[in-house]
>>> print(open('data22.cif').read())   # mmCIF, C-alpha atoms
data_upload
loop_
_atom_site.group_PDB
_atom_site.id
_atom_site.type_symbol
_atom_site.label_atom_id
_atom_site.label_comp_id
_atom_site.auth_asym_id
_atom_site.auth_seq_id
_atom_site.Cartn_x
_atom_site.Cartn_y
_atom_site.Cartn_z
ATOM 1 C CA MET B 296 -69.891 40.226 114.416
ATOM 2 C CA LYS B 297 -72.372 37.354 114.224
ATOM 3 C CA PRO B 298 -71.864 35.191 111.109
ATOM 4 C CA THR B 299 -75.571 35.445 110.204
ATOM 5 C CA LEU B 300 -75.541 39.260 110.304
ATOM 6 C CA LYS B 301 -72.331 39.378 108.282
ATOM 7 C CA ARG B 302 -73.801 37.018 105.670
ATOM 8 C CA ILE B 303 -77.006 39.052 105.352
ATOM 9 C CA PHE B 304 -74.935 42.220 104.924
ATOM 10 C CA ASP B 305 -72.708 40.522 102.326
ATOM 11 C CA VAL B 306 -75.698 39.387 100.244
ATOM 12 C CA LEU B 307 -77.508 42.733 100.423
ATOM 13 C CA PHE B 308 -74.337 44.705 99.667
ATOM 14 C CA SER B 309 -73.496 42.454 96.705
ATOM 15 C CA ILE B 310 -76.987 42.659 95.206
ATOM 16 C CA ILE B 311 -77.076 46.452 95.526
ATOM 17 C CA ALA B 312 -73.535 46.785 94.135
ATOM 18 C CA LEU B 313 -74.350 44.521 91.176
ATOM 19 C CA CYS B 314 -77.548 46.464 90.432
ATOM 20 C CA LEU B 315 -75.627 49.749 90.507
ATOM 21 C CA PHE B 316 -72.462 48.629 88.724
ATOM 22 C CA PHE B 317 -73.499 45.749 86.468
ATOM 23 C CA TRP B 318 -73.203 48.040 83.455
ATOM 24 C CA VAL B 319 -69.673 48.969 84.568
ATOM 25 C CA ILE B 320 -68.761 45.275 84.792
ATOM 26 C CA LEU B 321 -70.160 44.656 81.297
ATOM 27 C CA ILE B 322 -68.223 47.556 79.765
ATOM 28 C CA ALA B 323 -65.032 46.608 81.620
ATOM 29 C CA TRP B 324 -65.471 42.974 80.553
ATOM 30 C CA PHE B 325 -65.971 44.001 76.902
ATOM 31 C CA MET B 326 -62.810 46.132 77.046
ATOM 32 C CA ALA B 327 -60.896 43.226 78.609
ATOM 33 C CA VAL B 328 -62.071 40.888 75.828
ATOM 34 C CA ILE B 329 -60.833 43.243 73.114
ATOM 35 C CA ASP B 330 -57.587 44.225 74.819
ATOM 36 C CA THR B 331 -56.456 40.738 75.864
ATOM 37 C CA SER B 332 -57.950 38.780 72.927
ATOM 38 C CA THR B 333 -59.469 36.287 75.389
ATOM 39 C CA ASN B 334 -62.900 35.681 76.912
ATOM 40 C CA GLY B 335 -62.083 38.499 79.355
ATOM 41 C CA ILE B 336 -62.544 36.391 82.489
ATOM 42 C CA PHE B 337 -59.739 35.149 84.715
ATOM 43 C CA THR B 338 -60.328 32.377 87.244
ATOM 44 C CA GLN B 339 -57.831 30.943 89.682
ATOM 45 C CA GLU B 340 -57.914 28.519 92.570
ATOM 46 C CA ARG B 341 -57.588 30.259 95.926
ATOM 47 C CA ILE B 342 -57.669 29.203 99.563
ATOM 48 C CA GLY B 343 -60.969 29.981 101.267
ATOM 49 C CA GLN B 344 -62.519 29.600 104.697
ATOM 50 C CA TYR B 345 -61.190 26.616 106.689
ATOM 51 C CA GLY B 346 -58.675 26.007 103.891
ATOM 52 C CA LYS B 347 -61.364 25.017 101.394
ATOM 53 C CA ARG B 348 -60.349 25.744 97.813
ATOM 54 C CA PHE B 349 -62.541 27.765 95.468
ATOM 55 C CA ARG B 350 -62.241 29.533 92.116
ATOM 56 C CA ILE B 351 -62.047 33.305 92.240
ATOM 57 C CA TYR B 352 -63.450 35.463 89.421
ATOM 58 C CA LYS B 353 -61.648 38.489 88.015
ATOM 59 C CA LEU B 354 -61.559 40.429 84.778
ATOM 60 C CA ARG B 355 -58.486 39.494 82.765
ATOM 61 C CA THR B 356 -55.823 42.194 82.769
ATOM 62 C CA ILE B 357 -52.858 40.264 81.327
ATOM 63 C CA GLN B 358 -52.202 39.886 77.612
ATOM 64 C CA LYS B 359 -49.763 37.696 75.724
ATOM 65 C CA ILE B 360 -47.143 39.420 73.583
ATOM 66 C CA HIS B 361 -47.297 37.441 70.353
ATOM 67 C CA ASP B 362 -43.713 38.142 69.233
ATOM 68 C CA SER B 363 -42.025 37.046 72.453
ATOM 69 C CA GLY B 364 -44.672 34.820 74.010
ATOM 70 C CA GLU B 365 -44.302 36.722 77.289
ATOM 71 C CA PHE B 366 -47.160 38.221 79.273
ATOM 72 C CA GLN B 367 -47.726 41.807 80.363
ATOM 73 C CA ILE B 368 -50.481 43.951 81.850
ATOM 74 C CA SER B 369 -52.634 45.306 79.022
ATOM 75 C CA ARG B 370 -53.418 49.018 78.605
ATOM 76 C CA THR B 371 -57.013 48.452 79.672
ATOM 77 C CA GLY B 372 -55.773 46.140 82.413
ATOM 78 C CA ARG B 373 -53.809 48.957 84.041
ATOM 79 C CA VAL B 374 -56.959 51.083 84.227
ATOM 80 C CA LEU B 375 -59.021 48.184 85.563
ATOM 81 C CA ARG B 376 -56.408 47.428 88.221
ATOM 82 C CA ASN B 377 -55.952 51.067 89.157
ATOM 83 C CA PHE B 378 -59.662 51.435 89.969
ATOM 84 C CA LYS B 379 -60.004 47.825 91.198
ATOM 85 C CA LEU B 380 -62.654 47.166 88.529
ATOM 86 C CA ASP B 381 -61.051 43.806 87.760
ATOM 87 C CA GLU B 382 -62.166 42.689 91.235
ATOM 88 C CA LEU B 383 -65.897 43.416 90.739
ATOM 89 C CA PRO B 384 -66.766 39.893 89.467
ATOM 90 C CA GLN B 385 -65.864 38.665 92.967
ATOM 91 C CA LEU B 386 -69.268 39.974 94.031
ATOM 92 C CA PHE B 387 -70.520 36.708 92.526
ATOM 93 C CA ASN B 388 -68.093 34.827 94.801
ATOM 94 C CA VAL B 389 -69.677 36.704 97.700
ATOM 95 C CA LEU B 390 -73.197 35.757 96.599
ATOM 96 C CA LYS B 391 -72.097 32.116 96.349
ATOM 97 C CA GLY B 392 -70.915 32.286 99.962
ATOM 98 C CA GLU B 393 -67.254 31.715 99.080
ATOM 99 C CA MET B 394 -66.193 35.237 100.030
ATOM 100 C CA SER B 395 -67.253 38.159 102.189
ATOM 101 C CA ILE B 396 -67.126 41.899 101.505
ATOM 102 C CA VAL B 397 -64.547 42.397 104.266
ATOM 103 C CA GLY B 398 -61.990 39.752 105.155
ATOM 104 C CA PRO B 399 -58.438 38.597 104.344
ATOM 105 C CA ARG B 400 -57.748 38.691 100.629
ATOM 106 C CA PRO B 401 -57.787 35.105 99.261
ATOM 107 C CA ASP B 402 -54.318 33.824 98.441
ATOM 108 C CA ILE B 403 -52.984 31.004 96.323
ATOM 109 C CA SER B 404 -51.968 27.674 97.825
ATOM 110 C CA GLY B 405 -48.742 27.752 99.813
ATOM 111 C CA TYR B 406 -49.519 30.671 102.092
ATOM 112 C CA TYR B 407 -52.626 30.811 104.311
ATOM 113 C CA ASP B 408 -53.142 27.057 104.075
ATOM 114 C CA LEU B 409 -49.663 26.540 105.598
ATOM 115 C CA LEU B 410 -50.200 28.796 108.614
ATOM 116 C CA VAL B 411 -49.683 27.195 112.026
ATOM 117 C CA GLY B 412 -50.602 27.948 115.622
ATOM 118 C CA GLU B 413 -52.598 31.070 116.416
ATOM 119 C CA ASN B 414 -52.111 32.425 112.894
ATOM 120 C CA ARG B 415 -54.289 29.597 111.585
ATOM 121 C CA LYS B 416 -57.321 31.360 113.107
ATOM 122 C CA ILE B 417 -57.304 33.512 109.968
ATOM 123 C CA LEU B 418 -58.659 30.502 108.073
ATOM 124 C CA GLU B 419 -61.822 30.696 110.169
ATOM 125 C CA LEU B 420 -62.643 33.911 108.292
ATOM 126 C CA LYS B 421 -64.120 34.035 104.820
ATOM 127 C CA PRO B 422 -61.753 35.748 102.400
ATOM 128 C CA GLY B 423 -62.910 39.227 101.443
ATOM 129 C CA LEU B 424 -63.004 41.802 98.677
ATOM 130 C CA THR B 425 -61.162 44.236 100.917
ATOM 131 C CA SER B 426 -59.253 44.286 104.193
ATOM 132 C CA LEU B 427 -56.934 46.429 106.267
ATOM 133 C CA ALA B 428 -54.007 44.536 104.746
ATOM 134 C CA SER B 429 -55.142 45.158 101.162
ATOM 135 C CA LEU B 430 -55.592 48.854 101.974
ATOM 136 C CA LYS B 431 -52.109 49.105 103.484
ATOM 137 C CA TYR B 432 -50.595 47.371 100.467
ATOM 138 C CA CYS B 433 -52.803 48.869 97.761
ATOM 139 C CA ASN B 434 -49.609 49.599 95.792
ATOM 140 C CA GLU B 435 -48.200 46.100 96.272
ATOM 141 C CA ASP B 436 -47.353 45.570 92.586
ATOM 142 C CA GLN B 437 -45.246 48.744 92.442
ATOM 143 C CA LEU B 438 -43.635 47.917 95.782
ATOM 144 C CA LEU B 439 -42.598 44.458 94.589
ATOM 145 C CA GLU B 440 -41.259 45.825 91.284
ATOM 146 C CA LYS B 441 -38.717 47.868 93.234
ATOM 147 C CA GLN B 442 -37.322 44.848 95.071
ATOM 148 C CA PRO B 443 -34.267 42.919 93.806
ATOM 149 C CA SER B 444 -36.014 39.688 94.858
ATOM 150 C CA PRO B 445 -39.812 40.263 94.877
ATOM 151 C CA LEU B 446 -40.695 36.729 96.016
ATOM 152 C CA VAL B 447 -38.307 36.846 98.991
ATOM 153 C CA TYR B 448 -39.582 40.309 99.956
ATOM 154 C CA ASN B 449 -43.169 39.088 99.752
ATOM 155 C CA ASP B 450 -42.503 35.972 101.816
ATOM 156 C CA GLN B 451 -40.329 37.629 104.470
ATOM 157 C CA VAL B 452 -41.868 41.107 104.774
ATOM 158 C CA LEU B 453 -45.280 41.551 103.159
ATOM 159 C CA PHE B 454 -46.932 38.238 103.952
ATOM 160 C CA PRO B 455 -45.995 38.173 107.683
ATOM 161 C CA ASP B 456 -47.323 41.722 108.074
ATOM 162 C CA LYS B 457 -50.549 40.791 106.267
ATOM 163 C CA VAL B 458 -50.948 37.808 108.579
ATOM 164 C CA GLN B 459 -50.641 40.075 111.629
ATOM 165 C CA LEU B 460 -53.121 42.605 110.219
ATOM 166 C CA ASN B 461 -55.601 39.844 109.412
ATOM 167 C CA LEU B 462 -55.146 38.281 112.853
ATOM 168 C CA ASP B 463 -55.869 41.680 114.410
ATOM 169 C CA TYR B 464 -59.045 41.829 112.321
ATOM 170 C CA TYR B 465 -60.013 38.340 113.514
ATOM 171 C CA TYR B 466 -59.998 39.501 117.136
ATOM 172 C CA GLN B 467 -61.455 42.965 116.578
ATOM 173 C CA GLN B 468 -64.026 42.411 113.809
ATOM 174 C CA SER B 469 -67.331 44.224 114.155
ATOM 175 C CA PHE B 470 -70.073 45.602 111.942
ATOM 176 C CA CYS B 471 -68.885 49.183 112.481
ATOM 177 C CA GLY B 472 -65.308 48.094 111.827
ATOM 178 C CA ASP B 473 -66.339 46.530 108.517
ATOM 179 C CA LEU B 474 -68.161 49.719 107.496
ATOM 180 C CA LYS B 475 -65.030 51.761 108.226
ATOM 181 C CA ILE B 476 -62.926 49.428 106.066
ATOM 182 C CA ILE B 477 -65.474 49.682 103.232
ATOM 183 C CA LEU B 478 -65.448 53.497 103.421
ATOM 184 C CA LYS B 479 -61.646 53.551 103.423
ATOM 185 C CA THR B 480 -61.666 51.261 100.389
ATOM 186 C CA ILE B 481 -64.047 53.592 98.539
ATOM 187 C CA GLY B 482 -61.711 56.444 99.390
ATOM 188 C CA PHE B 483 -58.699 54.621 97.934
ATOM 189 C CA VAL B 484 -60.502 53.489 94.799
ATOM 190 C CA PHE B 485 -62.173 56.751 93.837
ATOM 191 C CA LEU B 486 -60.111 59.415 95.590
ATOM 192 C CA LYS B 487 -56.772 57.608 95.894
ATOM 193 C CA ARG B 488 -56.744 58.491 99.587
ATOM 194 C CA PRO B 489 -58.577 57.200 102.656
ATOM 195 C CA ILE B 490 -61.835 58.813 103.776
#
>>> encode(input="data22.cif", output="structure tokens")
Amino acid sequence: MKPTLKRIFDVLFSIIALCLFFWVILIAWFMAVIDTSTNGIFTQERIGQYGKRFRIYKLRTIQKIHDSGEFQISRTGRVLRNFKLDELPQLFNVLKGEMSIVGPRPDISGYYDLLVGENRKILELKPGLTSLASLKYCNEDQLLEKQPSPLVYNDQVLFPDKVQLNLDYYYQQSFCGDLKIILKTIGFVFLKRPI
């Protein structure tokens, strides 16, 4: 797909989505503020296109347990994560040109920025709100919870598979392909199954 066409689609999709769901974002944000006792917004540095760093926007879903000082997913946070509502503020990242609707999910430093050889082609893509890899591992949190060593499992199993899926997307990306991924994402979010 031509970069110009993809950018036009990203902007139009984001504007329409924000017009339709801005009220949802406001309500979800208000719930996050109350439930986490914070400003409700979570930002974190991620690796973007060509390895450029940017700050991603999400609704906060983690709260601090005052007695122990530990952190856990809040009650509202579980709902927001389940329906991916915590990701909606990333539409602003898309409008800023830091992200795309479809593309590899942006990761923290120490992963995509360390890729070598052919795998480094993934960095030529803008990170996205959704991808084939994020659809395949939509239950990643639960999957990692079952592992005796979640970090090792992520580094040795999940991440290499995500790299391959994203590399496949790099070579096969198309406008129709992006639309199919978006429809599958809608199916997972609202129906909990692909369309």
>>> residues_around(input="data22.cif", residues="Ala428 (chain B)", least_positions_apart="5", cutoff="7 Å", atoms="all atoms listed in the file", output="compact mmCIF listing (two decimals) with C-alpha atoms, keeping the file's coordinate frame")
# COMPACT_ATOMS: atom_id res chain seq x y z
CA LYS B 457 -50.55 40.79 106.27
CA LEU B 460 -53.12 42.60 110.22
CA ASN B 461 -55.60 39.84 109.41
>>> closest_atom_pairs(input="data22.cif", of="region 395-435 of chain B", to="region 369-382 of chain B", cutoff="10 Å", atoms="all atoms listed in the file", output="CSV")
residue,atom,partner,partner_atom,distance
B:Leu424,CA,B:Glu382,CA,7.5
B:Thr425,CA,B:Glu382,CA,9.9
B:Cys433,CA,B:Asn377,CA,9.4
B:Asn434,CA,B:Asn377,CA,9.3
>>> resolve_selection(input="data22.cif", expression="the PyMOL selection byres ((chain B and resi 420) around 9)", output="list in words")
Gly343, Gln344, Tyr345, Ser395, Gly398, Pro399, Lys416, Ile417, Leu418, Glu419, Lys421, Pro422, Gly423 and Tyr465 of chain B
>>> closest_atom_pairs(input="data22.cif", of="region 331-404 of chain B", to="region 301-323 of chain B", cutoff="7 Å", atoms="all atoms listed in the file", output="CSV")
residue,atom,partner,partner_atom,distance
B:Leu383,CA,B:Ile320,CA,6.9
B:Leu386,CA,B:Ser309,CA,5.6
B:Val389,CA,B:Asp305,CA,6.7
B:Leu390,CA,B:Val306,CA,5.7
B:Ser395,CA,B:Asp305,CA,5.9
B:Ile396,CA,B:Asp305,CA,5.8
>>> write_last_selection(input="data22.cif", atoms="C-alpha atoms", output="PDB file, in the frame of the given file")
ATOM      1  CA  LEU B 383     -65.897  43.416  90.739  1.00  0.00           C
ATOM      2  CA  LEU B 386     -69.268  39.974  94.031  1.00  0.00           C
ATOM      3  CA  VAL B 389     -69.677  36.704  97.700  1.00  0.00           C
ATOM      4  CA  LEU B 390     -73.197  35.757  96.599  1.00  0.00           C
ATOM      5  CA  SER B 395     -67.253  38.159 102.189  1.00  0.00           C
ATOM      6  CA  ILE B 396     -67.126  41.899 101.505  1.00  0.00           C
TER       7      ILE B 396
END
>>> closest_residue(input="data22.cif", among="B:Gly392, B:Gly412, B:Pro445, B:Pro401", to="Pro298 (chain B)", atoms="all atoms listed in the file")
B:Gly392
>>> atom_distance(input="data22.cif", atom1="CA of Leu427 (chain B)", atom2="CA of Tyr407 (chain B)")
16.3 Å
>>> atom_distance(input="data22.cif", atom1="CA of Thr356 (chain B)", atom2="CA of Val447 (chain B)")
24.5 Å
>>> atom_distance(input="data22.cif", atom1="CA of Leu462 (chain B)", atom2="CA of Glu413 (chain B)")
8.4 Å
>>> residues_near_point(input="data22.cif", point="(-60.4, 39.2, 86.7)", cutoff="7 Å", atoms="only C-alpha atoms", output="mmCIF file with C-alpha atoms, in the coordinates of the input")
data_model
loop_
_atom_site.group_PDB
_atom_site.id
_atom_site.type_symbol
_atom_site.label_atom_id
_atom_site.label_comp_id
_atom_site.auth_asym_id
_atom_site.auth_seq_id
_atom_site.Cartn_x
_atom_site.Cartn_y
_atom_site.Cartn_z
ATOM 1 C CA ILE B 336 -62.544 36.391 82.489
ATOM 2 C CA PHE B 337 -59.739 35.149 84.715
ATOM 3 C CA THR B 338 -60.328 32.377 87.244
ATOM 4 C CA TYR B 352 -63.450 35.463 89.421
ATOM 5 C CA LYS B 353 -61.648 38.489 88.015
ATOM 6 C CA LEU B 354 -61.559 40.429 84.778
ATOM 7 C CA ARG B 355 -58.486 39.494 82.765
ATOM 8 C CA THR B 356 -55.823 42.194 82.769
ATOM 9 C CA ASP B 381 -61.051 43.806 87.760
ATOM 10 C CA GLU B 382 -62.166 42.689 91.235
ATOM 11 C CA PRO B 384 -66.766 39.893 89.467
#
>>> closest_residue(input="data22.cif", among="B:Ile351, B:Met394, B:Leu410, B:Ile360", to="Phe454 (chain B)", atoms="all atoms listed in the file")
B:Leu410
>>> resolve_selection(input="data22.cif", expression="the PyMOL selection byres ((chain B and resi 453) around 12)", output="list in words")
Tyr406, Ala428, Ser429, Lys431, Tyr432, Cys433, Asn434, Glu435, Asp436, Leu438, Leu439, Gln442, Pro445, Leu446, Val447, Tyr448, Asn449, Asp450, Gln451, Val452, Phe454, Pro455, Asp456, Lys457, Val458, Gln459 and Leu460 of chain B
>>> closest_residue(input="data22.cif", among="B:Gln437, B:Ser426, B:Asn388, B:Ser332", to="Ile477 (chain B)", atoms="only C-alpha atoms")
B:Ser426
>>> decode(input="data22.cif", residues="region 330-352 of chain B", atoms="N, CA, C and O atoms", output="PDB file, in the first residue's frame")
ATOM      1  N   ASP B 330     -11.396   5.205  39.572  1.00  0.00           N
ATOM      2  CA  ASP B 330     -10.976   3.868  39.999  1.00  0.00           C
ATOM      3  C   ASP B 330      -9.499   3.785  40.352  1.00  0.00           C
ATOM      4  O   ASP B 330      -9.107   2.996  41.212  1.00  0.00           O
ATOM      5  N   THR B 331      -8.659   4.574  39.688  1.00  0.00           N
ATOM      6  CA  THR B 331      -7.215   4.487  39.936  1.00  0.00           C
ATOM      7  C   THR B 331      -6.688   5.641  40.789  1.00  0.00           C
ATOM      8  O   THR B 331      -5.515   5.646  41.154  1.00  0.00           O
ATOM      9  N   SER B 332      -7.566   6.610  41.082  1.00  0.00           N
ATOM     10  CA  SER B 332      -7.176   7.791  41.879  1.00  0.00           C
ATOM     11  C   SER B 332      -5.979   8.510  41.257  1.00  0.00           C
ATOM     12  O   SER B 332      -5.054   8.937  41.953  1.00  0.00           O
ATOM     13  N   THR B 333      -5.990   8.616  39.921  1.00  0.00           N
ATOM     14  CA  THR B 333      -4.933   9.320  39.193  1.00  0.00           C
ATOM     15  C   THR B 333      -5.613  10.250  38.182  1.00  0.00           C
ATOM     16  O   THR B 333      -6.833  10.419  38.218  1.00  0.00           O
ATOM     17  N   ASN B 334      -4.816  10.804  37.261  1.00  0.00           N
ATOM     18  CA  ASN B 334      -5.411  11.635  36.214  1.00  0.00           C
ATOM     19  C   ASN B 334      -6.055  10.793  35.106  1.00  0.00           C
ATOM     20  O   ASN B 334      -6.624  11.331  34.164  1.00  0.00           O
ATOM     21  N   GLY B 335      -5.956   9.469  35.221  1.00  0.00           N
ATOM     22  CA  GLY B 335      -6.627   8.569  34.292  1.00  0.00           C
ATOM     23  C   GLY B 335      -5.893   8.308  32.988  1.00  0.00           C
ATOM     24  O   GLY B 335      -6.315   7.479  32.188  1.00  0.00           O
ATOM     25  N   ILE B 336      -4.782   8.999  32.762  1.00  0.00           N
ATOM     26  CA  ILE B 336      -4.031   8.838  31.522  1.00  0.00           C
ATOM     27  C   ILE B 336      -2.675   8.198  31.804  1.00  0.00           C
ATOM     28  O   ILE B 336      -1.970   8.575  32.729  1.00  0.00           O
ATOM     29  N   PHE B 337      -2.337   7.216  30.992  1.00  0.00           N
ATOM     30  CA  PHE B 337      -1.047   6.541  31.099  1.00  0.00           C
ATOM     31  C   PHE B 337      -0.245   6.830  29.835  1.00  0.00           C
ATOM     32  O   PHE B 337      -0.755   6.668  28.719  1.00  0.00           O
ATOM     33  N   THR B 338       0.969   7.296  29.986  1.00  0.00           N
ATOM     34  CA  THR B 338       1.854   7.496  28.840  1.00  0.00           C
ATOM     35  C   THR B 338       3.133   6.705  29.070  1.00  0.00           C
ATOM     36  O   THR B 338       3.565   6.529  30.212  1.00  0.00           O
ATOM     37  N   GLN B 339       3.705   6.232  27.987  1.00  0.00           N
ATOM     38  CA  GLN B 339       4.936   5.452  28.095  1.00  0.00           C
ATOM     39  C   GLN B 339       5.731   5.579  26.808  1.00  0.00           C
ATOM     40  O   GLN B 339       5.149   5.660  25.728  1.00  0.00           O
ATOM     41  N   GLU B 340       7.034   5.612  26.930  1.00  0.00           N
ATOM     42  CA  GLU B 340       7.880   5.702  25.751  1.00  0.00           C
ATOM     43  C   GLU B 340       7.896   4.368  25.016  1.00  0.00           C
ATOM     44  O   GLU B 340       8.099   3.327  25.613  1.00  0.00           O
ATOM     45  N   ARG B 341       7.645   4.425  23.712  1.00  0.00           N
ATOM     46  CA  ARG B 341       7.656   3.232  22.881  1.00  0.00           C
ATOM     47  C   ARG B 341       8.550   3.465  21.661  1.00  0.00           C
ATOM     48  O   ARG B 341       8.900   4.605  21.346  1.00  0.00           O
ATOM     49  N   ILE B 342       8.877   2.376  20.987  1.00  0.00           N
ATOM     50  CA  ILE B 342       9.697   2.457  19.785  1.00  0.00           C
ATOM     51  C   ILE B 342       8.784   2.578  18.565  1.00  0.00           C
ATOM     52  O   ILE B 342       7.900   1.754  18.354  1.00  0.00           O
ATOM     53  N   GLY B 343       9.006   3.622  17.774  1.00  0.00           N
ATOM     54  CA  GLY B 343       8.172   3.863  16.607  1.00  0.00           C
ATOM     55  C   GLY B 343       8.882   3.551  15.305  1.00  0.00           C
ATOM     56  O   GLY B 343       9.873   2.811  15.266  1.00  0.00           O
ATOM     57  N   GLN B 344       8.392   4.131  14.235  1.00  0.00           N
ATOM     58  CA  GLN B 344       8.942   3.909  12.902  1.00  0.00           C
ATOM     59  C   GLN B 344      10.406   4.339  12.842  1.00  0.00           C
ATOM     60  O   GLN B 344      10.778   5.386  13.361  1.00  0.00           O
ATOM     61  N   TYR B 345      11.232   3.520  12.214  1.00  0.00           N
ATOM     62  CA  TYR B 345      12.676   3.745  12.082  1.00  0.00           C
ATOM     63  C   TYR B 345      13.383   3.836  13.442  1.00  0.00           C
ATOM     64  O   TYR B 345      14.458   4.416  13.560  1.00  0.00           O
ATOM     65  N   GLY B 346      12.754   3.277  14.472  1.00  0.00           N
ATOM     66  CA  GLY B 346      13.361   3.260  15.799  1.00  0.00           C
ATOM     67  C   GLY B 346      13.188   4.557  16.565  1.00  0.00           C
ATOM     68  O   GLY B 346      13.732   4.706  17.664  1.00  0.00           O
ATOM     69  N   LYS B 347      12.438   5.497  16.008  1.00  0.00           N
ATOM     70  CA  LYS B 347      12.213   6.773  16.690  1.00  0.00           C
ATOM     71  C   LYS B 347      11.292   6.563  17.895  1.00  0.00           C
ATOM     72  O   LYS B 347      10.271   5.887  17.800  1.00  0.00           O
ATOM     73  N   ARG B 348      11.652   7.165  19.008  1.00  0.00           N
ATOM     74  CA  ARG B 348      10.872   7.000  20.230  1.00  0.00           C
ATOM     75  C   ARG B 348       9.720   8.003  20.261  1.00  0.00           C
ATOM     76  O   ARG B 348       9.855   9.128  19.793  1.00  0.00           O
ATOM     77  N   PHE B 349       8.597   7.574  20.818  1.00  0.00           N
ATOM     78  CA  PHE B 349       7.458   8.465  21.001  1.00  0.00           C
ATOM     79  C   PHE B 349       6.696   8.032  22.248  1.00  0.00           C
ATOM     80  O   PHE B 349       6.927   6.952  22.784  1.00  0.00           O
ATOM     81  N   ARG B 350       5.795   8.895  22.709  1.00  0.00           N
ATOM     82  CA  ARG B 350       5.008   8.582  23.905  1.00  0.00           C
ATOM     83  C   ARG B 350       3.614   8.138  23.488  1.00  0.00           C
ATOM     84  O   ARG B 350       2.887   8.843  22.804  1.00  0.00           O
ATOM     85  N   ILE B 351       3.267   6.931  23.916  1.00  0.00           N
ATOM     86  CA  ILE B 351       1.963   6.365  23.598  1.00  0.00           C
ATOM     87  C   ILE B 351       0.956   6.786  24.661  1.00  0.00           C
ATOM     88  O   ILE B 351       1.315   6.977  25.827  1.00  0.00           O
ATOM     89  N   TYR B 352      -0.311   6.965  24.243  1.00  0.00           N
ATOM     90  CA  TYR B 352      -1.379   7.347  25.161  1.00  0.00           C
ATOM     91  C   TYR B 352      -2.312   6.161  25.405  1.00  0.00           C
ATOM     92  O   TYR B 352      -2.731   5.488  24.461  1.00  0.00           O
TER      93      TYR B 352
END
